[in-house]
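Just final_37.txt here, compact mmCIF, C-alpha atoms:
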```
# COMPACT_ATOMS: atom_id res chain seq x y z
CA MET A 1 -32.58 2.60 -30.37
CA ALA A 2 -32.75 -0.36 -27.99
CA GLY A 3 -33.31 -3.82 -29.39
CA ARG A 4 -31.83 -3.29 -32.84
CA PRO A 5 -28.72 -4.91 -34.34
CA VAL A 6 -26.44 -2.10 -35.50
CA PRO A 7 -23.73 -2.80 -38.10
CA LEU A 8 -20.43 -1.27 -37.10
CA ALA A 9 -19.58 1.80 -39.12
CA ALA A 10 -16.60 3.04 -37.16
CA ALA A 11 -14.94 1.52 -34.15
CA SER A 12 -14.62 3.61 -31.02
CA GLY A 13 -11.72 1.62 -29.67
CA TYR A 14 -9.21 -1.07 -30.40
CA PRO A 15 -10.09 -4.71 -29.82
CA PRO A 16 -8.18 -7.07 -27.56
CA ASP A 17 -7.59 -9.67 -30.26
CA ALA A 18 -4.28 -10.65 -28.73
CA GLY A 19 -5.54 -11.51 -25.26
CA ARG A 20 -3.50 -12.87 -22.44
CA HIS A 21 -2.23 -15.84 -24.40
CA PRO A 22 1.36 -15.55 -25.61
CA ARG A 23 2.48 -15.07 -29.16
CA ARG A 24 5.84 -15.45 -30.84
CA PRO A 25 8.35 -12.64 -30.29
CA ARG A 26 8.26 -9.62 -32.53
CA ALA A 27 10.05 -10.02 -35.83
CA PRO A 28 12.85 -7.51 -36.56
CA GLY A 29 11.44 -4.29 -37.93
CA ASN A 30 7.96 -5.05 -36.59
CA GLU A 31 8.14 -3.08 -33.37
CA ARG A 32 4.47 -2.06 -33.59
CA ARG A 33 3.17 -5.63 -33.69
CA TYR A 34 1.39 -5.21 -30.38
CA ARG A 35 -0.72 -2.24 -31.40
CA ARG A 36 -4.35 -3.30 -31.51
CA ARG A 37 -6.25 -3.02 -34.76
CA PRO A 38 -9.61 -1.22 -35.07
CA VAL A 39 -12.70 -3.43 -35.05
CA THR A 40 -14.20 -3.53 -38.52
CA ASP A 41 -15.80 -6.95 -38.76
CA CYS A 42 -18.56 -7.18 -36.17
CA SER A 43 -22.05 -5.84 -35.54
CA TYR A 44 -23.53 -4.25 -32.43
CA TYR A 45 -26.83 -4.91 -30.71
CA SER A 46 -28.19 -1.92 -28.81
CA LEU A 47 -29.76 -2.77 -25.44
CA GLY A 48 -30.59 0.69 -24.17
CA ASP A 49 -30.19 1.26 -20.43
CA VAL A 50 -29.78 -2.06 -18.62
CA THR A 51 -30.60 -2.56 -14.94
CA LEU A 52 -28.02 -4.96 -13.53
CA GLN A 53 -28.28 -7.54 -10.75
CA SER A 54 -26.75 -4.99 -8.40
CA GLY A 55 -29.53 -2.52 -9.14
CA GLU A 56 -27.08 -0.20 -10.88
CA ARG A 57 -27.69 1.02 -14.41
CA LEU A 58 -25.47 0.33 -17.42
CA ALA A 59 -26.33 3.25 -19.67
CA ASP A 60 -26.71 2.88 -23.42
CA ALA A 61 -25.36 -0.68 -23.35
CA ARG A 62 -24.57 -2.72 -26.42
CA LEU A 63 -23.09 -6.09 -27.32
CA GLY A 64 -20.56 -6.62 -30.08
CA TYR A 65 -21.04 -9.88 -31.92
CA LYS A 66 -20.39 -11.74 -35.15
CA THR A 67 -22.32 -14.55 -36.82
CA TYR A 68 -21.03 -17.33 -39.04
CA GLY A 69 -23.28 -19.49 -41.20
CA THR A 70 -27.06 -19.32 -41.52
CA LEU A 71 -29.93 -20.19 -39.18
CA ASN A 72 -31.81 -23.05 -40.84
CA LYS A 73 -35.56 -23.14 -41.40
CA SER A 74 -36.19 -25.33 -38.37
CA GLY A 75 -34.05 -23.04 -36.22
CA ASP A 76 -32.22 -25.94 -34.61
CA ASN A 77 -28.61 -25.32 -35.69
CA ALA A 78 -27.73 -22.27 -33.56
CA VAL A 79 -24.50 -22.44 -31.54
CA LEU A 80 -23.43 -19.81 -29.02
CA LEU A 81 -19.75 -19.13 -28.39
CA PRO A 82 -19.18 -16.46 -25.69
CA THR A 83 -15.72 -14.94 -25.36
CA PHE A 84 -13.08 -15.52 -22.68
CA TYR A 85 -10.94 -13.20 -20.55
CA THR A 86 -9.16 -10.80 -22.92
CA GLY A 87 -10.70 -12.72 -25.82
CA THR A 88 -12.85 -11.50 -28.68
CA HIS A 89 -14.96 -12.96 -31.45
CA VAL A 90 -11.76 -12.94 -33.52
CA ARG A 91 -9.97 -15.26 -31.09
CA ASN A 92 -13.03 -17.51 -30.92
CA GLU A 93 -12.59 -18.29 -34.62
CA GLY A 94 -9.91 -20.78 -33.61
CA PHE A 95 -12.58 -23.08 -32.16
CA PHE A 96 -14.47 -23.77 -35.40
CA GLY A 97 -14.02 -23.99 -39.14
CA PRO A 98 -14.47 -26.14 -42.26
CA GLY A 99 -14.39 -29.81 -41.41
CA ARG A 100 -14.43 -29.15 -37.65
CA ALA A 101 -17.15 -30.25 -35.23
CA LEU A 102 -18.47 -26.69 -35.48
CA ASP A 103 -18.65 -25.70 -39.13
CA PRO A 104 -20.41 -22.59 -40.51
CA GLU A 105 -21.56 -24.75 -43.44
CA ARG A 106 -23.76 -26.67 -40.99
CA HIS A 107 -24.17 -24.40 -37.98
CA PHE A 108 -25.27 -20.86 -37.24
CA ILE A 109 -22.49 -19.78 -34.90
CA VAL A 110 -22.95 -16.63 -32.82
CA SER A 111 -19.85 -15.27 -31.10
CA ILE A 112 -20.71 -12.63 -28.49
CA ASN A 113 -18.19 -10.37 -26.79
CA LEU A 114 -18.17 -10.18 -23.01
CA PHE A 115 -19.00 -6.85 -21.37
CA GLY A 116 -15.69 -5.23 -20.46
CA ASN A 117 -13.61 -6.65 -23.32
CA GLY A 118 -13.28 -3.34 -25.15
CA ILE A 119 -15.79 -4.24 -27.90
CA SER A 120 -19.04 -4.69 -26.00
CA THR A 121 -19.79 -1.91 -23.50
CA SER A 122 -16.70 -1.48 -21.33
CA PRO A 123 -15.10 1.13 -19.08
CA SER A 124 -13.07 2.32 -22.08
CA ASN A 125 -16.06 2.95 -24.36
CA ALA A 126 -19.08 3.35 -22.07
CA HIS A 127 -21.50 6.24 -21.67
CA PRO A 128 -19.84 8.94 -19.52
CA ASP A 129 -22.15 8.08 -16.62
CA CYS A 130 -20.47 4.68 -16.23
CA ALA A 131 -17.13 5.04 -18.00
CA GLY A 132 -13.74 4.41 -16.44
CA HIS A 133 -13.74 3.98 -12.67
CA ARG A 134 -17.55 4.46 -12.62
CA PHE A 135 -18.18 1.18 -14.45
CA PRO A 136 -20.51 -1.05 -12.41
CA LEU A 137 -20.13 -4.74 -11.65
CA VAL A 138 -21.56 -6.79 -14.52
CA THR A 139 -22.08 -10.43 -13.54
CA PHE A 140 -22.27 -13.55 -15.70
CA PHE A 141 -26.01 -13.46 -15.01
CA ASP A 142 -26.16 -9.93 -16.48
CA ASN A 143 -24.08 -10.92 -19.51
CA VAL A 144 -26.24 -13.95 -20.25
CA ALA A 145 -29.51 -12.03 -19.80
CA CYS A 146 -28.35 -9.48 -22.38
CA GLN A 147 -27.06 -12.20 -24.71
CA HIS A 148 -30.49 -13.81 -24.48
CA ARG A 149 -32.06 -10.57 -25.70
CA LEU A 150 -29.64 -10.39 -28.62
CA LEU A 151 -30.33 -13.98 -29.66
CA THR A 152 -34.11 -13.98 -29.26
CA GLU A 153 -35.05 -10.39 -30.13
CA GLY A 154 -32.23 -9.52 -32.49
CA LEU A 155 -31.43 -12.75 -34.33
CA GLY A 156 -34.62 -14.79 -33.99
CA VAL A 157 -32.94 -17.70 -32.19
CA GLU A 158 -35.43 -19.61 -30.02
CA ARG A 159 -33.25 -22.55 -29.00
CA LEU A 160 -29.57 -23.39 -28.88
CA ALA A 161 -28.17 -26.66 -30.16
CA LEU A 162 -25.02 -25.93 -28.17
CA VAL A 163 -23.34 -23.43 -25.90
CA THR A 164 -19.59 -23.81 -25.61
CA GLY A 165 -16.61 -21.70 -24.64
CA TRP A 166 -13.19 -21.50 -23.06
CA SER A 167 -12.39 -20.12 -19.60
CA MET A 168 -14.88 -17.31 -18.92
CA GLY A 169 -16.65 -18.57 -22.04
CA GLY A 170 -16.99 -21.89 -20.23
CA CYS A 171 -18.35 -20.13 -17.15
CA GLN A 172 -20.96 -18.47 -19.36
CA SER A 173 -21.82 -21.86 -20.86
CA TYR A 174 -22.69 -23.16 -17.39
CA GLN A 175 -24.61 -19.95 -16.70
CA TRP A 176 -26.65 -20.33 -19.88
CA ALA A 177 -27.44 -23.99 -19.18
CA SER A 178 -28.80 -23.10 -15.73
CA GLN A 179 -30.32 -19.67 -16.37
CA TYR A 180 -32.12 -20.67 -19.59
CA SER A 181 -32.31 -24.43 -19.16
CA ASP A 182 -35.33 -24.74 -21.45
CA MET A 183 -33.43 -23.17 -24.35
CA VAL A 184 -30.10 -25.05 -24.24
CA ARG A 185 -29.95 -28.60 -25.62
CA ALA A 186 -26.23 -29.22 -25.09
CA ALA A 187 -23.23 -27.55 -23.48
CA VAL A 188 -19.48 -28.14 -23.64
CA PRO A 189 -17.71 -25.75 -21.25
CA PHE A 190 -13.95 -26.17 -21.29
CA CYS A 191 -11.40 -24.94 -18.75
CA GLY A 192 -14.17 -23.15 -16.87
CA SER A 193 -16.48 -23.68 -13.91
CA ALA A 194 -20.02 -23.09 -12.69
CA ARG A 195 -18.72 -21.23 -9.64
CA THR A 196 -15.40 -19.47 -9.19
CA SER A 197 -13.49 -21.32 -6.49
CA PRO A 198 -11.82 -19.64 -3.49
CA HIS A 199 -8.35 -20.43 -4.86
CA ASN A 200 -9.28 -18.98 -8.24
CA ARG A 201 -10.47 -15.79 -6.54
CA VAL A 202 -7.19 -15.56 -4.61
CA PHE A 203 -5.24 -15.85 -7.87
CA LEU A 204 -7.29 -13.01 -9.33
CA GLU A 205 -6.66 -10.89 -6.24
CA GLY A 206 -2.94 -11.35 -6.86
CA VAL A 207 -2.92 -10.09 -10.45
CA LYS A 208 -5.30 -7.29 -9.49
CA ALA A 209 -2.97 -6.17 -6.68
CA ALA A 210 -0.08 -5.96 -9.15
CA LEU A 211 -2.06 -3.49 -11.24
CA LEU A 212 -3.45 -1.43 -8.36
CA ALA A 213 0.02 -0.99 -6.85
CA ASP A 214 0.98 1.37 -9.67
CA ALA A 215 0.41 4.90 -8.35
CA GLU A 216 -0.48 6.02 -11.87
CA PHE A 217 -3.57 3.79 -11.74
CA ALA A 218 -4.99 6.43 -9.37
CA ASP A 219 -8.04 4.40 -8.30
CA GLY A 220 -9.04 4.04 -11.94
CA ARG A 221 -8.90 7.78 -12.63
CA TYR A 222 -5.68 7.61 -14.64
CA THR A 223 -5.08 10.07 -17.45
CA ARG A 224 -2.49 7.90 -19.15
CA PRO A 225 -2.02 4.11 -19.12
CA PRO A 226 -0.50 2.82 -15.86
CA GLU A 227 2.29 1.03 -17.71
CA ARG A 228 4.16 -0.33 -14.71
CA GLY A 229 0.97 -1.84 -13.36
CA LEU A 230 -0.01 -3.32 -16.72
CA ARG A 231 3.43 -4.88 -17.13
CA ALA A 232 3.27 -6.32 -13.62
CA PHE A 233 -0.22 -7.66 -14.31
CA GLY A 234 1.00 -9.53 -17.39
CA ARG A 235 4.13 -10.85 -15.70
CA VAL A 236 2.22 -12.24 -12.71
CA TYR A 237 -0.46 -13.71 -14.95
CA ALA A 238 2.01 -15.67 -17.09
CA GLY A 239 3.07 -17.90 -14.21
CA TRP A 240 -0.50 -19.13 -13.74
CA ALA A 241 -1.51 -19.67 -17.35
CA PHE A 242 0.77 -22.68 -17.82
CA SER A 243 1.78 -25.52 -15.52
CA GLN A 244 4.97 -26.09 -13.55
CA THR A 245 5.91 -28.84 -16.02
CA PHE A 246 5.53 -26.41 -18.92
CA PHE A 247 8.31 -24.24 -17.51
CA ARG A 248 10.43 -27.09 -16.15
CA GLU A 249 10.54 -28.81 -19.54
CA GLY A 250 11.03 -25.58 -21.48
CA LEU A 251 7.86 -25.95 -23.54
CA PHE A 252 7.87 -22.18 -24.05
CA ARG A 253 10.38 -22.89 -26.82
CA GLN A 254 7.51 -24.30 -28.88
CA LEU A 255 6.06 -20.77 -28.82
CA GLY A 256 9.30 -19.32 -30.19
CA PHE A 257 10.85 -18.16 -26.90
CA ASP A 258 14.41 -19.13 -25.99
CA THR A 259 13.92 -18.40 -22.29
CA TYR A 260 10.99 -17.99 -19.94
CA GLU A 261 12.06 -14.36 -19.50
CA GLU A 262 11.22 -13.77 -23.16
CA LEU A 263 7.77 -15.21 -22.52
CA LEU A 264 7.30 -12.90 -19.53
CA LEU A 265 8.32 -9.88 -21.60
CA ASP A 266 5.84 -10.93 -24.28
CA TRP A 267 3.04 -11.05 -21.73
CA GLU A 268 4.06 -7.63 -20.42
CA GLU A 269 3.85 -6.17 -23.91
CA ASP A 270 0.56 -7.91 -24.57
CA HIS A 271 -1.08 -6.32 -21.55
CA LEU A 272 0.15 -2.85 -22.46
CA ASN A 273 -2.53 -3.02 -25.17
CA TRP A 274 -5.22 -3.09 -22.56
CA ASP A 275 -7.22 -0.44 -20.80
CA ALA A 276 -6.63 -1.13 -17.10
CA ASN A 277 -10.26 -0.59 -16.12
CA ASP A 278 -11.37 -3.01 -18.84
CA LEU A 279 -9.10 -5.67 -17.35
CA LEU A 280 -10.58 -5.07 -13.92
CA ALA A 281 -14.18 -5.07 -15.16
CA MET A 282 -13.77 -8.55 -16.65
CA LEU A 283 -11.80 -9.73 -13.63
CA HIS A 284 -14.61 -8.71 -11.29
CA THR A 285 -17.12 -10.58 -13.46
CA TRP A 286 -14.92 -13.66 -13.21
CA GLN A 287 -14.39 -13.35 -9.46
CA CYS A 288 -18.09 -13.34 -8.62
CA GLY A 289 -18.99 -16.21 -10.94
CA ASP A 290 -21.71 -18.43 -9.43
CA ILE A 291 -24.67 -19.84 -11.36
CA SER A 292 -26.74 -19.92 -8.16
CA ALA A 293 -26.22 -16.26 -7.23
CA ASN A 294 -29.63 -15.01 -8.33
CA ASP A 295 -33.22 -14.83 -7.14
CA ARG A 296 -34.20 -18.08 -8.84
CA TYR A 297 -31.74 -20.26 -6.91
CA GLY A 298 -30.99 -18.08 -3.89
CA GLY A 299 -27.41 -19.30 -3.59
CA ASP A 300 -28.37 -23.00 -3.64
CA PHE A 301 -25.53 -24.19 -5.86
CA GLU A 302 -26.60 -27.83 -6.02
CA ARG A 303 -30.12 -26.83 -7.04
CA ALA A 304 -28.77 -24.56 -9.78
CA LEU A 305 -26.68 -27.44 -11.13
CA GLY A 306 -29.62 -29.82 -10.86
CA ALA A 307 -31.72 -27.49 -12.98
CA ILE A 308 -29.42 -28.05 -15.96
CA THR A 309 -31.22 -30.35 -18.40
CA ALA A 310 -28.75 -30.01 -21.28
CA ARG A 311 -26.44 -32.85 -22.27
CA LEU A 312 -23.22 -31.46 -20.83
CA ILE A 313 -19.60 -32.52 -21.12
CA THR A 314 -17.10 -30.36 -19.26
CA ILE A 315 -13.45 -30.53 -20.32
CA PRO A 316 -10.89 -29.45 -17.73
CA CYS A 317 -7.13 -29.67 -18.24
CA SER A 318 -5.29 -31.80 -15.72
CA ASP A 319 -2.76 -29.03 -14.98
CA ASP A 320 -5.05 -25.98 -15.13
CA LEU A 321 -4.16 -23.74 -12.18
CA TYR A 322 -7.40 -21.69 -12.44
CA PHE A 323 -10.02 -24.36 -13.09
CA PRO A 324 -8.70 -27.74 -11.87
CA PRO A 325 -10.61 -30.97 -12.61
CA GLU A 326 -11.53 -31.32 -8.92
CA ASP A 327 -13.93 -28.37 -9.18
CA ASN A 328 -15.66 -29.80 -12.25
CA ALA A 329 -15.90 -33.24 -10.64
CA LEU A 330 -17.92 -31.73 -7.80
CA GLU A 331 -20.20 -29.97 -10.28
CA VAL A 332 -21.07 -32.86 -12.60
CA ARG A 333 -22.29 -34.95 -9.66
CA HIS A 334 -25.38 -32.74 -9.61
CA ILE A 335 -25.97 -32.39 -13.37
CA ARG A 336 -28.29 -35.17 -14.50
CA ALA A 337 -26.81 -35.51 -18.00
CA GLY A 338 -23.36 -34.19 -17.15
CA GLU A 339 -19.94 -35.78 -17.27
CA MET A 340 -16.28 -34.76 -17.21
CA ARG A 341 -13.56 -35.59 -19.74
CA VAL A 342 -10.11 -34.58 -18.48
CA HIS A 343 -7.45 -33.54 -20.99
CA HIS A 344 -3.99 -34.37 -19.67
CA SER A 345 -1.50 -31.72 -20.72
CA PRO A 346 1.40 -29.69 -19.27
CA TRP A 347 0.08 -26.65 -21.15
CA GLY A 348 -2.33 -25.99 -18.28
CA HIS A 349 -5.09 -23.48 -18.89
CA CYS A 350 -3.52 -22.53 -22.22
CA SER A 351 -3.89 -26.06 -23.57
CA ALA A 352 -7.20 -24.81 -24.99
CA SER A 353 -5.72 -21.76 -26.70
CA PRO A 354 -6.06 -22.40 -30.45
CA GLY A 355 -2.83 -23.71 -31.93
CA ASN A 356 -1.16 -24.70 -28.66
CA ASP A 357 -2.20 -28.30 -28.10
CA ALA A 358 -3.52 -30.41 -30.99
CA GLY A 359 -4.66 -33.08 -28.55
CA PHE A 360 -7.02 -30.67 -26.87
CA GLN A 361 -8.56 -29.66 -30.19
CA ARG A 362 -9.22 -33.30 -31.04
CA LEU A 363 -10.91 -33.93 -27.69
CA LEU A 364 -12.99 -30.76 -27.97
CA ASP A 365 -14.25 -31.70 -31.43
CA GLN A 366 -14.97 -35.24 -30.26
CA CYS A 367 -17.07 -34.03 -27.33
CA ILE A 368 -18.96 -31.48 -29.42
CA ASN A 369 -19.75 -34.08 -32.08
CA GLU A 370 -20.95 -36.46 -29.38
CA VAL A 371 -23.36 -34.09 -27.63
CA LEU A 372 -24.75 -32.77 -30.92
CA GLU A 373 -25.40 -36.31 -32.14
CA GLN A 374 -27.04 -37.30 -28.86
CA THR A 375 -29.38 -34.30 -28.83
CA SER A 376 -30.25 -34.00 -32.52
```

Starting from the file, give its structure as structure tokens.
Amino acid sequence: MAGRPVPLAAASGYPPDAGRHPRRPRAPGNERRYRRRPVTDCSYYSLGDVTLQSGERLADARLGYKTYGTLNKSGDNAVLLPTFYTGTHVRNEGFFGPGRALDPERHFIVSINLFGNGISTSPSNAHPDCAGHRFPLVTFFDNVACQHRLLTEGLGVERLALVTGWSMGGCQSYQWASQYSDMVRAAVPFCGSARTSPHNRVFLEGVKAALLADAEFADGRYTRPPERGLRAFGRVYAGWAFSQTFFREGLFRQLGFDTYEELLLDWEEDHLNWDANDLLAMLHTWQCGDISANDRYGGDFERALGAITARLITIPCSDDLYFPPEDNALEVRHIRAGEMRVHHSPWGHCSASPGNDAGFQRLLDQCINEVLEQTS
């Protein structure tokens, strides 16, 4: 039934709780480390059939989500944390905790899975009418509109103290602040942007081409995983996730790899966990990111940015090859209460990955504390 939160009784798939971010090599005797575990710790919100921006229908759609903490009586402590590319609510747990700027003892944190990530409706688990290669384009606008329904109709949240997230989670934070400006008091997008830049789109075309080149992909109609394409996807991706300095100075050793080849092999294995059409569904969402691409703003990007009333601090990494500071600098010029705080790190985009860069975590918590204090 549409509009009802549904506790998860049995998972239909296996969640991407590894993501594209590298882990340490497999320990001896642990050859099955990369196998994804069933989802057993989240709830689902049923949306029914959803008409998308494109006019296409996403049949029997639902969002997977998890909450932490309790909504207070005044309803002013809700925090939204959307997921990132190949991320899940599980991976988002690295951005909050006891004693952190976001703490379930003080905040009602809602972590919502992106369409296409294998937990929320995705090519790998969708209604047969839109499963696999039939899966339609789901934009950030579509994601946020459905998240709004979950929050307001399903959880009784009327306003958000904060929206924050990494990468595609950051893109959704911008989308929320513009699409529902009257609901969002503060936003801290990090390593993300309000509009996907041309260079970012070209990067995504490159990793996509590596996957599509595998004949076994068969235009998305594969009957078994296109392993060569998935391995190539992961290998190409790895070179963009970190900076040139990261590789030059051998910082991969801090992740437990003796050589960069070991890191590449790890990323290959990581992406073998993924359904290829799921990867592409999220990639297409990312590629068409633009907070002004809707009827309200009609493509007027500056007007869409100017509509943001939230106190906003965006945190790019100096060496991020997807979302460089230059893009965010152009954006904050048009956000009345917006500013940029650059984190300088050779870890690039992955500086924000929990556990990689302690300096980034300190800056993130500092910025979150600041905007919450200013808007309380």

Quick one: residues within 6 Å of Asn77 (chain A), all atoms listed in the file, excluding same-chain residues fewer than 5 positions away - as a ChimeraX atom specification? /A:107-108,161

Region 165-182 of chain A surroundings by all atoms listed in the file, 6 Å radius, close-in-sequence under 2 positions cut, as number ranges by chain: A: 81-85, 163, 184, 189-194, 291, 307-308

Edge lengths and centre in Å, axis-aligned, region 71-75 of chain A plus 6 Å each side, as lines of an AutoDock Vina configuration file:
```
center_x = -33.1
center_y = -22.8
center_z = -38.8
size_x = 18.3
size_y = 17.1
size_z = 17.2
```

Nearest-residue call for Phe252 (chain A), choices A:Ala78, A:Ala276, A:Cys350, A:Cys367, using only C-alpha atoms: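 Counting only C-alpha atoms, the residue closest to Phe252 (chain A) is A:Cys350.
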
Hey, can you check how far CA of His127 (chain A) sits from CA of Gly48 (chain A)?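 Taking CA of His127 (chain A) and CA of Gly48 (chain A), their separation equals 10.9 Å.
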
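The spacing separating CA of Leu155 (chain A) from CA of Ala281 (chain A) amounts to 26.9 Å.
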
Quick one: of A:Thr259, A:Thr51, A:Gln366, A:Asn273, who's nearest to Pro226 (chain A), counting only C-alpha atoms? A:Asn273

Residues within 7 Å of (-8.6, -2.7, -7.3), file coords, only C-alpha atoms, listed as a list in words: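 It turns out the residues near that spot are Lys208, Ala209 and Leu212 of chain A.
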
So, with all atoms listed in the file as the atoms that count, which of A:Gly250, A:Gly154, A:Gly338, A:Gly116 lies closest to Asn277 (chain A)? A:Gly116

Counting all atoms listed in the file, the residue among A:Ala210, A:Val90, A:Val157, A:Leu255 that lies closest to Gly229 (chain A) is A:Ala210

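If you look at CA of Arg221 (chain A) and CA of Gly118 (chain A), they are 17.3 Å away from each other.
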
Considering only C-alpha atoms, tabulate each residue of region 195-272 of chain A that lies at most 7 Å from region 320-334 of chain A along with its nearest interatomic pair and the corresponding distance in Å to one decimal; arrange the rows by chain and ascending residue number and present them as a Markdown table.
```
| residue | atom | partner | partner_atom | distance |
| --- | --- | --- | --- | --- |
| A:Asn200 | CA | A:Tyr322 | CA | 5.3 |
| A:Trp240 | CA | A:Leu321 | CA | 6.1 |
| A:Ser243 | CA | A:Asp320 | CA | 6.9 |
```

Fewer than 5 positions away in the same chain doesn't count, so skip those; otherwise give me all residues within 7 Å of Asn117 (chain A), counting all atoms listed in the file, as a list of chain:residue names.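 That gives A:Pro16, A:Thr86, A:Ser122, A:Asp278, A:Met282.
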
Excluding same-chain residues fewer than 6 positions from Pro198 (chain A), what lies within 12 Å of it counting all atoms listed in the file, as a ChimeraX atom specification? /A:204-205,286-290,322-323,327

Please identify every residue of region 134-201 of chain A that has at least one atom no farther than 12 Å from an atom of region 68-76 of chain A, counting only C-alpha atoms, and for each give the shortest atom pair and the distance in Å to one decimal, arranged by chain then increasing number, as CSV.
```
residue,atom,partner,partner_atom,distance
A:Leu151,CA,A:Leu71,CA,11.4
A:Thr152,CA,A:Gly75,CA,11.4
A:Leu155,CA,A:Leu71,CA,9.0
A:Gly156,CA,A:Gly75,CA,8.6
A:Val157,CA,A:Gly75,CA,6.8
A:Glu158,CA,A:Gly75,CA,7.2
A:Arg159,CA,A:Asp76,CA,6.6
A:Leu160,CA,A:Asp76,CA,6.8
A:Ala161,CA,A:Asp76,CA,6.1
A:Leu162,CA,A:Asp76,CA,9.7
A:Met183,CA,A:Asp76,CA,10.7
A:Val184,CA,A:Asp76,CA,10.6
A:Arg185,CA,A:Asp76,CA,9.6
A:Ala186,CA,A:Asp76,CA,11.7
```
